$ cat final18.txt   # compact mmCIF, C-alpha atoms
# COMPACT_ATOMS: atom_id res chain seq x y z
CA MET A 1 47.69 -10.21 -12.17
CA ASN A 2 47.72 -9.85 -15.92
CA CYS A 3 50.76 -11.84 -16.96
CA ASP A 4 50.78 -10.79 -20.58
CA ILE A 5 53.72 -8.51 -21.12
CA GLU A 6 55.34 -6.93 -24.12
CA GLU A 7 59.04 -7.09 -24.78
CA ASN A 8 59.46 -3.39 -24.03
CA GLU A 9 57.40 -3.40 -20.86
CA VAL A 10 58.61 -3.28 -17.31
CA ARG A 11 56.51 -4.35 -14.35
CA ILE A 12 57.08 -4.32 -10.60
CA ILE A 13 56.10 -7.68 -9.12
CA SER A 14 54.17 -7.30 -5.91
CA SER A 15 51.27 -8.83 -4.07
CA GLY A 16 49.64 -5.39 -4.10
CA GLY A 17 48.70 -6.06 -7.73
CA LYS A 18 50.36 -2.87 -8.91
CA GLU A 19 50.11 -2.31 -12.63
CA PRO A 20 53.26 -1.48 -14.51
CA SER A 21 54.97 1.81 -13.94
CA ASN A 22 55.27 2.25 -17.63
CA PRO A 23 55.41 5.59 -19.26
CA GLN A 24 53.00 6.31 -22.08
CA LYS A 25 53.87 4.24 -25.07
CA SER A 26 55.75 6.50 -27.34
CA ARG A 27 55.50 6.79 -31.06
CA THR A 28 58.96 5.23 -31.16
CA PHE A 29 57.54 2.13 -29.50
CA TYR A 30 54.85 1.69 -32.16
CA ILE A 31 57.37 2.20 -34.94
CA MET A 32 59.63 -0.41 -33.35
CA LEU A 33 56.66 -2.75 -32.99
CA ALA A 34 55.75 -2.37 -36.66
CA LEU A 35 59.35 -2.95 -37.75
CA THR A 36 59.58 -6.01 -35.52
CA GLY A 37 56.37 -7.38 -37.03
CA LEU A 38 57.70 -6.84 -40.53
CA ALA A 39 60.99 -8.55 -39.69
CA LEU A 40 59.11 -11.51 -38.21
CA LEU A 41 56.96 -11.81 -41.32
CA CYS A 42 60.06 -11.85 -43.54
CA GLY A 43 61.59 -14.49 -41.31
CA VAL A 44 58.53 -16.74 -41.50
CA MET A 45 58.40 -16.41 -45.30
CA ALA A 46 62.07 -17.29 -45.59
CA PHE A 47 61.46 -20.30 -43.40
CA ILE A 48 58.56 -21.51 -45.53
CA ALA A 49 60.54 -21.04 -48.75
CA GLY A 50 63.19 -23.47 -47.69
CA PHE A 51 63.91 -25.21 -44.44
CA SER A 52 67.36 -24.21 -43.36
CA ALA A 53 69.51 -26.39 -41.24
CA GLN A 54 71.20 -23.91 -38.93
CA GLN A 55 71.60 -25.53 -35.53
CA GLU A 56 72.30 -23.32 -32.52
CA GLU A 57 75.60 -24.41 -31.09
CA LYS A 58 74.39 -24.73 -27.54
CA GLY A 59 70.76 -25.73 -27.09
CA LEU A 60 68.41 -28.14 -28.81
CA GLN A 61 65.93 -26.28 -30.91
CA LEU A 62 62.64 -27.61 -32.16
CA GLN A 63 61.33 -25.92 -35.27
CA GLU A 64 57.96 -26.42 -36.84
CA LEU A 65 58.22 -27.50 -40.45
CA LYS A 66 55.72 -25.86 -42.75
CA GLN A 67 54.62 -28.33 -45.37
CA PRO A 68 52.39 -27.99 -48.42
CA SER A 69 48.85 -28.79 -47.41
CA ALA A 70 48.84 -31.96 -49.52
CA LEU A 71 51.54 -33.40 -47.31
CA THR A 72 50.13 -32.29 -43.99
CA GLN A 73 48.64 -35.02 -41.87
CA PRO A 74 45.34 -33.68 -40.56
CA ALA A 75 44.81 -33.67 -36.83
CA MET A 76 42.15 -36.19 -35.91
CA SER A 77 40.70 -36.82 -32.52
CA ASP A 78 40.93 -40.23 -30.94
CA LYS A 79 37.16 -40.48 -31.21
CA GLN A 80 37.45 -40.39 -34.98
CA GLN A 81 40.21 -42.99 -35.01
CA PRO A 82 40.65 -44.56 -31.61
CA SER A 83 43.55 -46.82 -32.60
CA ARG A 84 45.57 -44.05 -34.24
CA ALA A 85 49.25 -43.94 -33.37
CA TYR A 86 50.68 -40.74 -31.93
CA VAL A 87 53.70 -39.23 -30.17
CA THR A 88 53.65 -37.38 -26.87
CA LYS A 89 56.25 -34.84 -25.85
CA ARG A 90 57.14 -33.96 -22.29
CA ASP A 91 59.69 -31.46 -20.99
CA THR A 92 61.29 -32.25 -17.68
CA VAL A 93 64.23 -31.27 -15.49
CA VAL A 94 66.21 -33.80 -13.48
CA ASP A 95 69.23 -32.83 -11.43
CA GLN A 96 69.07 -29.43 -13.13
CA THR A 97 69.40 -31.07 -16.54
CA LYS A 98 66.74 -30.16 -19.08
CA LEU A 99 65.38 -33.09 -21.04
CA ILE A 100 62.69 -33.74 -23.64
CA ILE A 101 60.90 -37.09 -23.59
CA LEU A 102 59.21 -38.27 -26.79
CA THR A 103 56.97 -41.31 -26.40
CA PRO A 104 55.51 -43.12 -29.39
CA CYS A 105 52.12 -44.66 -28.63
CA ARG A 106 50.49 -47.44 -30.63
CA ALA A 107 53.20 -46.91 -33.27
CA THR A 108 55.24 -49.51 -35.12
CA PRO A 109 59.04 -49.19 -34.96
CA SER A 110 61.51 -50.01 -37.72
CA LEU A 111 64.87 -48.98 -39.09
CA GLN A 112 65.27 -47.14 -42.35
CA ILE A 113 68.25 -45.97 -44.37
CA GLY A 114 68.12 -42.73 -46.31
CA ASN A 115 66.85 -39.23 -45.73
CA GLU A 116 63.54 -39.12 -47.56
CA LEU A 117 61.51 -39.28 -44.40
CA LEU A 118 60.33 -35.71 -44.00
CA ASN A 119 57.78 -36.06 -46.77
CA ASP A 120 56.55 -39.44 -45.55
CA THR A 121 53.43 -38.52 -43.64
CA THR A 122 53.15 -42.00 -42.16
CA VAL A 123 56.26 -41.35 -40.05
CA LEU A 124 55.45 -40.06 -36.57
CA LEU A 125 58.91 -40.02 -35.05
CA ALA A 126 62.34 -40.40 -36.62
CA VAL A 127 65.72 -40.23 -34.88
CA GLN A 128 69.10 -41.16 -36.25
CA ALA A 129 70.11 -44.53 -34.90
CA ALA A 130 73.55 -45.95 -35.70
CA GLY A 131 76.64 -43.89 -36.29
CA VAL A 132 78.13 -43.48 -39.76
CA ARG A 133 81.87 -43.56 -40.29
CA ASP A 134 83.50 -40.34 -41.42
CA ASP A 135 86.12 -42.08 -43.52
CA ASN A 136 84.03 -44.39 -45.68
CA GLY A 137 80.44 -43.39 -44.88
CA LYS A 138 79.51 -46.89 -43.75
CA ILE A 139 77.29 -47.71 -40.80
CA VAL A 140 79.15 -48.48 -37.59
CA GLY A 141 78.47 -51.94 -36.26
CA ALA A 142 75.92 -54.58 -37.21
CA PHE A 143 72.85 -53.20 -38.93
CA VAL A 144 69.87 -55.24 -40.07
CA VAL A 145 66.85 -53.99 -41.98
CA LYS A 146 63.90 -56.33 -42.52
CA GLY A 147 66.10 -59.34 -42.03
CA GLU A 148 68.78 -58.13 -44.42
CA LEU A 149 72.31 -57.63 -43.11
CA ILE A 150 73.45 -54.18 -44.21
CA SER A 151 76.58 -53.88 -42.08
CA LYS A 152 78.67 -56.14 -39.86
CA GLY A 153 80.77 -55.73 -36.73
CA GLU A 154 80.38 -55.16 -33.02
CA ALA A 155 81.98 -51.76 -32.56
CA LYS A 156 79.81 -50.87 -29.59
CA PRO A 157 78.40 -53.24 -27.01
CA GLY A 158 74.95 -51.67 -26.79
CA PHE A 159 72.24 -52.89 -29.14
CA CYS A 160 68.64 -52.39 -30.13
CA SER A 161 66.64 -55.11 -31.82
CA ILE A 162 63.14 -54.91 -33.22
CA ILE A 163 61.53 -58.33 -33.49
CA ASN A 164 57.83 -58.57 -34.31
CA ASP A 165 57.50 -54.83 -33.64
CA LYS A 166 58.93 -55.19 -30.13
CA ILE A 167 62.01 -53.16 -29.19
CA THR A 168 64.65 -54.70 -26.96
CA ILE A 169 67.56 -52.66 -25.62
CA GLY A 170 70.61 -54.35 -24.15
CA VAL A 171 74.35 -54.69 -23.81
CA ALA A 172 76.17 -57.76 -25.11
CA ASP A 173 78.99 -58.55 -27.48
CA ALA A 174 76.92 -61.39 -28.88
CA THR A 175 73.17 -61.53 -28.58
CA PRO A 176 70.63 -64.02 -29.95
CA THR A 177 68.41 -61.10 -30.96
CA PHE A 178 70.84 -60.43 -33.80
CA GLU A 179 70.15 -63.83 -35.32
CA GLN A 180 66.44 -63.45 -34.62
CA ALA A 181 66.42 -60.15 -36.50
CA LEU A 182 68.01 -61.87 -39.49
CA THR A 183 65.59 -64.79 -39.52
CA SER A 184 62.37 -62.99 -38.74
CA ASP A 185 62.55 -59.89 -40.96
CA GLY A 186 63.52 -57.84 -37.91
CA TYR A 187 65.83 -54.92 -37.33
CA PHE A 188 69.04 -54.46 -35.38
CA PHE A 189 71.66 -51.79 -34.72
CA ARG A 190 74.49 -51.10 -32.31
CA GLN A 191 75.30 -48.06 -30.19
CA TYR A 192 76.97 -46.99 -26.97
CA PRO A 193 75.17 -48.31 -23.89
CA LEU A 194 74.25 -45.55 -21.45
CA VAL A 195 72.23 -47.22 -18.70
CA VAL A 196 72.04 -50.88 -17.76
CA GLY A 197 69.73 -52.12 -15.04
CA GLY A 198 69.29 -48.61 -13.71
CA GLN A 199 73.05 -47.96 -13.46
CA PRO A 200 75.04 -45.52 -15.62
CA VAL A 201 77.65 -46.99 -17.98
CA ASP A 202 81.07 -45.42 -18.22
CA ASN A 203 81.82 -44.55 -21.84
CA ARG A 204 85.01 -43.46 -23.47
CA PRO A 205 83.91 -40.32 -25.38
CA LYS A 206 84.47 -37.38 -23.07
CA GLY A 207 83.30 -34.39 -25.07
CA ARG A 208 80.11 -32.37 -24.64
CA ALA A 209 77.29 -32.35 -27.17
CA LEU A 210 73.54 -32.49 -27.43
CA ARG A 211 72.62 -36.07 -26.55
CA LYS A 212 69.83 -38.43 -27.50
CA ALA A 213 68.95 -41.88 -26.17
CA LEU A 214 66.55 -44.71 -26.74
CA VAL A 215 65.37 -45.67 -23.28
CA GLU A 216 63.29 -48.26 -21.55
CA MET A 217 61.53 -46.81 -18.55
CA GLU A 218 58.69 -48.38 -16.56
CA GLY A 219 58.13 -50.92 -19.30
CA ARG A 220 57.80 -48.39 -22.11
CA ILE A 221 60.13 -47.17 -24.83
CA HIS A 222 60.93 -43.46 -25.15
CA VAL A 223 63.37 -41.19 -26.92
CA VAL A 224 65.06 -38.78 -24.53
CA MET A 225 66.94 -35.71 -25.75
CA SER A 226 69.08 -33.29 -23.79
CA GLN A 227 68.37 -29.60 -24.23
CA GLU A 228 71.96 -28.63 -23.52
CA GLN A 229 75.40 -29.99 -24.24
CA LEU A 230 76.41 -32.79 -21.90
CA THR A 231 79.13 -35.38 -21.56
CA PHE A 232 78.15 -39.02 -21.89
CA GLN A 233 78.55 -39.36 -18.13
CA GLN A 234 76.28 -36.43 -17.36
CA PHE A 235 73.66 -37.73 -19.77
CA SER A 236 73.79 -41.25 -18.35
CA GLU A 237 73.43 -39.90 -14.81
CA ALA A 238 70.50 -37.74 -15.83
CA LEU A 239 68.79 -40.76 -17.39
CA VAL A 240 69.30 -42.72 -14.18
CA ALA A 241 67.88 -39.85 -12.16
CA LEU A 242 64.91 -39.82 -14.53
CA GLY A 243 64.22 -43.46 -13.65
CA VAL A 244 65.44 -45.13 -16.82
CA ASP A 245 66.10 -48.87 -16.59
CA ASN A 246 68.06 -49.37 -19.81
CA ALA A 247 69.27 -46.96 -22.46
CA ILE A 248 71.43 -46.85 -25.53
CA TYR A 249 72.77 -43.82 -27.30
CA LEU A 250 71.28 -42.40 -30.48
CA VAL A 251 73.29 -40.17 -32.80
CA GLY A 252 73.43 -36.82 -31.05
CA ALA A 253 74.94 -33.39 -31.67
CA ASP A 254 73.19 -31.91 -34.74
CA ALA A 255 71.70 -35.21 -35.95
CA MET A 256 68.43 -34.34 -37.60
CA GLY A 257 65.17 -35.94 -36.63
CA PHE A 258 61.53 -35.02 -36.23
CA TYR A 259 58.22 -35.93 -34.72
CA ARG A 260 54.63 -35.12 -35.55
CA ASP A 261 52.44 -34.00 -32.71
CA ARG A 262 48.77 -34.74 -32.24
CA GLN A 263 47.81 -31.51 -33.95
CA GLY A 264 49.59 -32.70 -37.08
CA LYS A 265 52.49 -30.28 -36.76
CA THR A 266 55.94 -31.54 -37.75
CA MET A 267 58.62 -30.50 -35.26
CA VAL A 268 62.18 -30.84 -36.53
CA PHE A 269 65.41 -30.83 -34.57
CA GLY A 270 69.01 -30.95 -35.74
CA SER A 271 70.65 -29.97 -38.96
CA THR A 272 70.19 -31.14 -42.54
CA THR A 273 74.00 -31.25 -42.85
CA SER A 274 73.71 -34.46 -40.83
CA LEU A 275 71.88 -36.02 -43.78
CA LYS A 276 74.81 -35.83 -46.21
CA SER A 277 75.84 -39.46 -45.87
CA GLY A 278 74.10 -41.95 -48.08
CA HIS A 279 73.99 -44.32 -45.12
CA VAL A 280 72.27 -41.98 -42.71
CA ASN A 281 69.85 -44.23 -40.89
CA PHE A 282 66.84 -43.69 -38.71
CA LEU A 283 64.86 -45.43 -36.03
CA VAL A 284 61.33 -44.71 -37.19
CA TRP A 285 57.88 -45.10 -35.71
CA ARG A 286 54.75 -45.19 -37.87
CA MET B 1 63.34 -14.43 9.15
CA SER B 2 64.30 -14.07 5.50
CA LYS B 3 61.56 -14.95 3.02
CA HIS B 4 62.10 -17.97 0.78
CA PHE B 5 60.89 -18.66 -2.71
CA VAL B 6 59.73 -22.25 -3.09
CA PHE B 7 59.09 -23.84 -6.46
CA SER B 8 58.01 -27.46 -6.66
CA SER B 9 57.49 -29.90 -9.50
CA SER B 10 56.83 -33.62 -9.56
CA THR B 11 60.56 -34.37 -9.61
CA GLU B 12 62.23 -31.55 -7.68
CA MET B 13 61.88 -28.66 -5.28
CA VAL B 14 63.88 -25.44 -5.33
CA ARG B 15 63.89 -23.30 -2.18
CA VAL B 16 66.02 -20.17 -2.08
CA PRO B 17 66.04 -17.03 0.07
CA ALA B 18 64.50 -14.14 -1.84
CA ASP B 19 67.47 -11.94 -0.86
CA VAL B 20 69.93 -14.02 -2.85
CA VAL B 21 67.90 -14.26 -6.05
CA VAL B 22 69.66 -11.94 -8.48
CA TYR B 23 67.71 -12.58 -11.67
CA ILE B 24 65.53 -15.16 -13.37
CA VAL B 25 65.71 -15.71 -17.10
CA ALA B 26 63.29 -17.54 -19.37
CA ASP B 27 64.36 -20.22 -21.82
CA GLY B 28 61.36 -21.66 -23.67
CA ASN B 29 59.41 -23.87 -21.30
CA TYR B 30 62.10 -23.47 -18.66
CA SER B 31 63.32 -20.73 -16.37
CA ALA B 32 66.68 -20.41 -14.65
CA ILE B 33 67.03 -18.76 -11.24
CA HIS B 34 70.46 -17.18 -10.76
CA THR B 35 71.60 -16.62 -7.20
CA ALA B 36 74.29 -14.49 -5.61
CA ASP B 37 76.66 -17.42 -5.14
CA ARG B 38 76.92 -17.60 -8.95
CA GLU B 39 74.89 -20.76 -9.09
CA SER B 40 71.64 -21.34 -10.91
CA PHE B 41 68.61 -23.57 -10.67
CA VAL B 42 66.58 -24.65 -13.68
CA LEU B 43 62.84 -25.04 -13.32
CA ILE B 44 60.28 -26.41 -15.70
CA LEU B 45 58.10 -23.35 -15.23
CA GLN B 46 57.44 -20.46 -17.54
CA LEU B 47 58.43 -17.03 -16.40
CA GLY B 48 54.81 -15.93 -15.99
CA GLN B 49 54.20 -18.76 -13.56
CA ILE B 50 57.28 -17.78 -11.58
CA GLU B 51 56.16 -14.14 -11.55
CA ARG B 52 52.78 -15.17 -10.12
CA ARG B 53 54.45 -17.27 -7.46
CA ILE B 54 56.79 -14.46 -6.45
CA ALA B 55 53.83 -12.08 -6.18
CA GLU B 56 52.09 -14.56 -3.86
CA LEU B 57 55.09 -14.85 -1.61
CA LEU B 58 56.13 -11.21 -1.33
CA ASP B 59 54.88 -8.73 1.25
CA GLU B 60 52.69 -5.95 0.01
CA HIS B 61 55.46 -3.35 0.19
CA ASP B 62 58.21 -5.51 -1.22
CA ASN B 63 58.88 -4.18 -4.69
CA ARG B 64 62.37 -5.52 -5.27
CA PHE B 65 61.53 -7.82 -8.14
CA ILE B 66 60.88 -6.33 -11.54
CA ARG B 67 59.70 -8.14 -14.66
CA ILE B 68 61.50 -6.81 -17.74
CA GLY B 69 59.96 -7.86 -21.03
CA LYS B 70 59.10 -11.44 -21.73
CA SER B 71 62.36 -13.04 -20.62
CA LEU B 72 63.71 -11.50 -17.44
CA ILE B 73 62.91 -10.86 -13.79
CA VAL B 74 65.55 -8.99 -11.86
CA ASN B 75 66.08 -8.11 -8.21
CA ARG B 76 66.66 -4.36 -8.25
CA ASP B 77 68.90 -4.57 -5.17
CA TYR B 78 71.59 -5.97 -7.46
CA ILE B 79 71.22 -3.54 -10.36
CA ALA B 80 74.37 -1.43 -10.55
CA PHE B 81 74.47 -0.20 -14.13
CA ILE B 82 71.95 0.48 -16.90
CA ASN B 83 72.76 1.71 -20.36
CA PRO B 84 69.66 1.59 -22.56
CA ALA B 85 71.45 2.64 -25.77
CA ARG B 86 73.86 -0.27 -25.44
CA GLN B 87 71.04 -2.54 -24.19
CA LYS B 88 73.22 -3.37 -21.24
CA MET B 89 72.50 -3.85 -17.56
CA ILE B 90 74.94 -5.06 -14.91
CA VAL B 91 73.87 -6.87 -11.78
CA THR B 92 76.41 -7.33 -9.02
CA ASP B 93 76.80 -7.54 -5.27
CA CYS B 94 79.94 -5.45 -5.68
CA ARG B 95 81.90 -8.14 -3.87
CA THR B 96 81.82 -11.58 -5.38
CA PHE B 97 80.03 -11.59 -8.72
CA ARG B 98 79.14 -9.40 -11.64
CA GLN B 99 76.86 -10.35 -14.52
CA GLU B 100 75.93 -8.50 -17.65
CA LEU B 101 72.35 -8.82 -18.87
CA THR B 102 70.60 -7.53 -21.97
CA ALA B 103 67.10 -6.28 -22.55
CA SER B 104 65.41 -4.06 -25.10
CA LYS B 105 66.38 -0.41 -25.23
CA GLU B 106 62.87 0.72 -24.40
CA ALA B 107 62.58 -1.61 -21.43
CA LEU B 108 65.92 -0.50 -20.02
CA LYS B 109 64.99 3.13 -20.56
CA THR B 110 61.76 2.54 -18.63
CA LEU B 111 63.62 0.71 -15.90
CA LYS B 112 66.19 3.50 -15.59
CA GLU B 113 63.45 6.11 -15.31
CA LEU B 114 61.59 3.99 -12.76
CA ILE B 115 64.62 3.63 -10.50
CA GLU B 116 65.59 7.29 -10.87
CA LYS B 117 62.07 8.42 -9.92
CA GLU B 118 62.09 6.29 -6.82
CA VAL B 119 65.49 7.60 -5.76
CA GLN B 120 64.19 11.15 -6.08
CA LYS B 121 61.22 10.49 -3.76

$ encode --input "final18.txt" --output "C-alpha cells"
Amino acid sequence: MNCDIEENEVRIISSGGKEPSNPQKSRTFYIMLALTGLALLCGVMAFIAGFSAQQEEKGLQLQELKQPSALTQPAMSDKQQPSRAYVTKRDTVVDQTKLIILTPCRATPSLQIGNELLNDTTVLLAVQAAGVRDDNGKIVGAFVVKGELISKGEAKPGFCSIINDKITIGVADATPTFEQALTSDGYFFRQYPLVVGGQPVDNRPKGRALRKALVEMEGRIHVVMSQEQLTFQQFSEALVALGVDNAIYLVGADAMGFYRDRQGKTMVFGSTTSLKSGHVNFLVWR
Amino acid sequence: MSKHFVFSSSTEMVRVPADVVVYIVADGNYSAIHTADRESFVLILQLGQIERRIAELLDEHDNRFIRIGKSLIVNRDYIAFINPARQKMIVTDCRTFRQELTASKEALKTLKELIEKEVQK
C-alpha cells in the first residue's frame, strides 16, 4: 500500500490493496495546492524574519529555530568527534499520557541566569529551572550559581544540586548538598518534588498546565515534558508509570526552552514572554 | 466473532473491536483512536502505520474504514452528515454520542460522492 496521501485525498482502507476512489484531480485542486504552497512559503519567511512566541494553549509545540549560518552548529558524526555531547529525544505514551523525553549525553550541566542562551551554540539543552516570583521578580528558593548564593529560602522541599558536574535530585528541607554547592563552585535550586523513590508526591497546586520535570530514571538524568495539560498529580503518576525513581518539577506552562538535535537543528518550545523577568534561569547542558 | 484491532508498543497494548472504532485522528507522532463509548486511546504510532495495520487485519471485502487526508481515518458506519462547503462531518451512533469532525472541502466532497455512488449501486 502506498501510504503517501494528499490532504484532499480519500482512500478506502482494505486488504485488497484498492487504490483510492478519487475523482480526477480538478483544476480547482491544483489552484488550491498552489495557493497552499504560497501561503506556506509566506509563513516560513515570516518565521525566519523573527521568531514569534505564540504558544498553543493546549499542546506542547516544538518549533525549529532558523538561525544564521554563522550560528548554526554543524552536524558531525560521532566518528569525527567520538566524545561529542548530544541530546536524544524520545516520544512515548504511558497511561495514555503523551510525553517527550530529552536525554543529554556526555554533556555538562550547570545553572545560568538570563535569556541569552539561544545564540550560544555550546548549549545543547536548556530548560527553565526555578520559579520566579510575580511580585518582585526574584528567584523562588535557594539558588546557587558557581558557588555564589543568588537567592535564599526553602520555599519548596524538592532540590537539584550539581556538584562536580553530577546532578542529584532529592527532597529535604535541609540538605548538605546546598553547602557543598557553595563550597565547591557548584549549583543548586529548589522546586516542587514530583516523585520520590518511585512514589508520586502530593502537591498543592491543582491546576492543569503543560508540565516539565527533571527526572532520575535507571541511573540517568532526563528532562520529561508533557504534551498536554496535566495536573501535578497526573504528571507525577505518569512519571511513576514511566519508571522514574526521583523527579522534581521544572517551570512548566509556556516556559521557553530548547534543545539541539544531532543534526544541528535547534528545536524550541514555549513562549518568549516567559523570558521577561531578569531572573529567568535555566538548567543548561553543554 | 467480532474482529479486533491490536496495536502494541514497548509500554502498552491497545485492543479494541473494529466495530466500535469511530475515527482515528493524527497528532504529530501520535494517533488517537476514538471509540463509540466516547473514550479514546492514544498511540505512539503515525496514522500511516495505523492504516497499514488496519489493512492487514481487515477482510478483503471490509471497506468500512476510509482514510481522509493526512490526519483522519473514519469508520463510514458512523458517518451521518457531510457538508463539504462548511468542511463539516458528523459521526454518531444516533444513540449515545455525536462528534463533529473537519476535513478539507475537496476531501469531504470526494467522500460524499464516494458514499453516494455506493448507495446507488

$ closest_residue --input "final18.txt" --among "B:Asp62, B:Asp37, B:Glu56, B:Glu116" --to "Arg98 in chain B" --atoms "all atoms listed in the file"
B:Asp37

$ residues_around --input "final18.txt" --residues "Lys105 in chain B" --least-positions-apart "3" --cutoff "7 Å" --atoms "all atoms listed in the file" --output "list of chain:residue names"
B:Pro84, B:Ala85, B:Gln87, B:Leu108, B:Lys109

$ interface_residues --input "final18.txt" --of "chain A" --to "chain B" --cutoff "6 Å" --atoms "all atoms listed in the file" --output "number ranges by chain"
A: 3, 6-16, 96

$ atom_distance --input "final18.txt" --atom1 "CA of Val145 in chain A" --atom2 "CA of Ala85 in chain A"
22.0 Å

$ residues_around --input "final18.txt" --residues "Leu250 in chain A" --least-positions-apart "6" --cutoff "12 Å" --atoms "all atoms listed in the file" --output "ChimeraX atom specification"
/A:126-132,158-160,169,189-194,210-215,222-226,232,235,256-257,281-283

$ write_last_selection --input "final18.txt" --atoms "C-alpha atoms" --output "JSON list (two decimals), in the coordinates of the input"
[["chain", "number", "residue", "atom", "x", "y", "z"],
["A", 126, "ALA", "CA", 62.34, -40.40, -36.62],
["A", 127, "VAL", "CA", 65.72, -40.23, -34.88],
["A", 128, "GLN", "CA", 69.10, -41.16, -36.25],
["A", 129, "ALA", "CA", 70.11, -44.53, -34.90],
["A", 130, "ALA", "CA", 73.55, -45.95, -35.70],
["A", 131, "GLY", "CA", 76.64, -43.89, -36.29],
["A", 132, "VAL", "CA", 78.13, -43.48, -39.76],
["A", 158, "GLY", "CA", 74.95, -51.67, -26.79],
["A", 159, "PHE", "CA", 72.24, -52.89, -29.14],
["A", 160, "CYS", "CA", 68.64, -52.39, -30.13],
["A", 169, "ILE", "CA", 67.56, -52.66, -25.62],
["A", 189, "PHE", "CA", 71.66, -51.79, -34.72],
["A", 190, "ARG", "CA", 74.49, -51.10, -32.31],
["A", 191, "GLN", "CA", 75.30, -48.06, -30.19],
["A", 192, "TYR", "CA", 76.97, -46.99, -26.97],
["A", 193, "PRO", "CA", 75.17, -48.31, -23.89],
["A", 194, "LEU", "CA", 74.25, -45.55, -21.45],
["A", 210, "LEU", "CA", 73.54, -32.49, -27.43],
["A", 211, "ARG", "CA", 72.62, -36.07, -26.55],
["A", 212, "LYS", "CA", 69.83, -38.43, -27.50],
["A", 213, "ALA", "CA", 68.95, -41.88, -26.17],
["A", 214, "LEU", "CA", 66.55, -44.71, -26.74],
["A", 215, "VAL", "CA", 65.37, -45.67, -23.28],
["A", 222, "HIS", "CA", 60.93, -43.46, -25.15],
["A", 223, "VAL", "CA", 63.37, -41.19, -26.92],
["A", 224, "VAL", "CA", 65.06, -38.78, -24.53],
["A", 225, "MET", "CA", 66.94, -35.71, -25.75],
["A", 226, "SER", "CA", 69.08, -33.29, -23.79],
["A", 232, "PHE", "CA", 78.15, -39.02, -21.89],
["A", 235, "PHE", "CA", 73.66, -37.73, -19.77],
["A", 256, "MET", "CA", 68.43, -34.34, -37.60],
["A", 257, "GLY", "CA", 65.17, -35.94, -36.63],
["A", 281, "ASN", "CA", 69.85, -44.23, -40.89],
["A", 282, "PHE", "CA", 66.84, -43.69, -38.71],
["A", 283, "LEU", "CA", 64.86, -45.43, -36.03]]

$ closest_residue --input "final18.txt" --among "B:Ile90, B:Ile50, B:Ala36, B:Val21" --to "Asn75 in chain B" --atoms "all atoms listed in the file"
B:Val21

$ residues_around --input "final18.txt" --residues "Gln233 in chain A" --least-positions-apart "6" --cutoff "12 Å" --atoms "all atoms listed in the file" --output "short mmCIF file (atom, residue, chain, number, x, y, z; two decimals) with C-alpha atoms, keeping the file's coordinate frame"
data_model
loop_
_atom_site.label_atom_id
_atom_site.label_comp_id
_atom_site.auth_asym_id
_atom_site.auth_seq_id
_atom_site.Cartn_x
_atom_site.Cartn_y
_atom_site.Cartn_z
CA TYR A 192 76.97 -46.99 -26.97
CA PRO A 193 75.17 -48.31 -23.89
CA LEU A 194 74.25 -45.55 -21.45
CA VAL A 195 72.23 -47.22 -18.70
CA GLN A 199 73.05 -47.96 -13.46
CA PRO A 200 75.04 -45.52 -15.62
CA VAL A 201 77.65 -46.99 -17.98
CA ASP A 202 81.07 -45.42 -18.22
CA ASN A 203 81.82 -44.55 -21.84
CA ARG A 204 85.01 -43.46 -23.47
CA PRO A 205 83.91 -40.32 -25.38
CA LYS A 206 84.47 -37.38 -23.07
CA GLY A 207 83.30 -34.39 -25.07
CA ARG A 208 80.11 -32.37 -24.64
CA ALA A 209 77.29 -32.35 -27.17
CA ARG A 211 72.62 -36.07 -26.55
CA LEU A 239 68.79 -40.76 -17.39
CA VAL A 240 69.30 -42.72 -14.18
CA TYR A 249 72.77 -43.82 -27.30
#

$ closest_residue --input "final18.txt" --among "A:Ile150, A:Gly137, A:Asp95, A:Gln61" --to "Ser274 in chain A" --atoms "all atoms listed in the file"
A:Gly137

$ atom_distance --input "final18.txt" --atom1 "CA of Ala18 in chain B" --atom2 "CA of Asp91 in chain A"
26.3 Å

$ residues_around --input "final18.txt" --residues "Thr88 in chain A" --least-positions-apart "3" --cutoff "8 Å" --atoms "only C-alpha atoms" --output "tab-separated table (two decimals) with C-alpha atoms, keeping the file's coordinate frame"
chain	number	residue	atom	x	y	z
A	101	ILE	CA	60.90	-37.09	-23.59
A	102	LEU	CA	59.21	-38.27	-26.79
A	103	THR	CA	56.97	-41.31	-26.40
A	104	PRO	CA	55.51	-43.12	-29.39
A	105	CYS	CA	52.12	-44.66	-28.63
A	261	ASP	CA	52.44	-34.00	-32.71
A	262	ARG	CA	48.77	-34.74	-32.24

$ atom_distance --input "final18.txt" --atom1 "CA of Ser31 in chain B" --atom2 "CA of Glu64 in chain A"
21.9 Å

$ axis_aligned_box --input "final18.txt" --around "range 93-100 of chain B" --padding-each-side "8 Å" --output "JSON"
{"center_x": 78.9, "center_y": -8.5, "center_z": -10.8, "size_x": 22.0, "size_y": 22.1, "size_z": 29.8}

$ residues_around --input "final18.txt" --residues "Val16 in chain B" --least-positions-apart "3" --cutoff "8 Å" --atoms "only C-alpha atoms" --output "MDAnalysis selection string"
chainID B and resid 4:6 20:21

$ residues_near_point --input "final18.txt" --point "(75.0, -13.6, -18.8)" --cutoff "12 Å" --atoms "only C-alpha atoms" --output "compact mmCIF listing (two decimals) with C-alpha atoms, in the frame of the given file"
# COMPACT_ATOMS: atom_id res chain seq x y z
CA VAL B 22 69.66 -11.94 -8.48
CA TYR B 23 67.71 -12.58 -11.67
CA ILE B 24 65.53 -15.16 -13.37
CA VAL B 25 65.71 -15.71 -17.10
CA ALA B 32 66.68 -20.41 -14.65
CA HIS B 34 70.46 -17.18 -10.76
CA ARG B 38 76.92 -17.60 -8.95
CA SER B 40 71.64 -21.34 -10.91
CA LEU B 72 63.71 -11.50 -17.44
CA LYS B 88 73.22 -3.37 -21.24
CA MET B 89 72.50 -3.85 -17.56
CA ILE B 90 74.94 -5.06 -14.91
CA VAL B 91 73.87 -6.87 -11.78
CA THR B 92 76.41 -7.33 -9.02
CA PHE B 97 80.03 -11.59 -8.72
CA ARG B 98 79.14 -9.40 -11.64
CA GLN B 99 76.86 -10.35 -14.52
CA GLU B 100 75.93 -8.50 -17.65
CA LEU B 101 72.35 -8.82 -18.87
CA THR B 102 70.60 -7.53 -21.97
CA ALA B 103 67.10 -6.28 -22.55
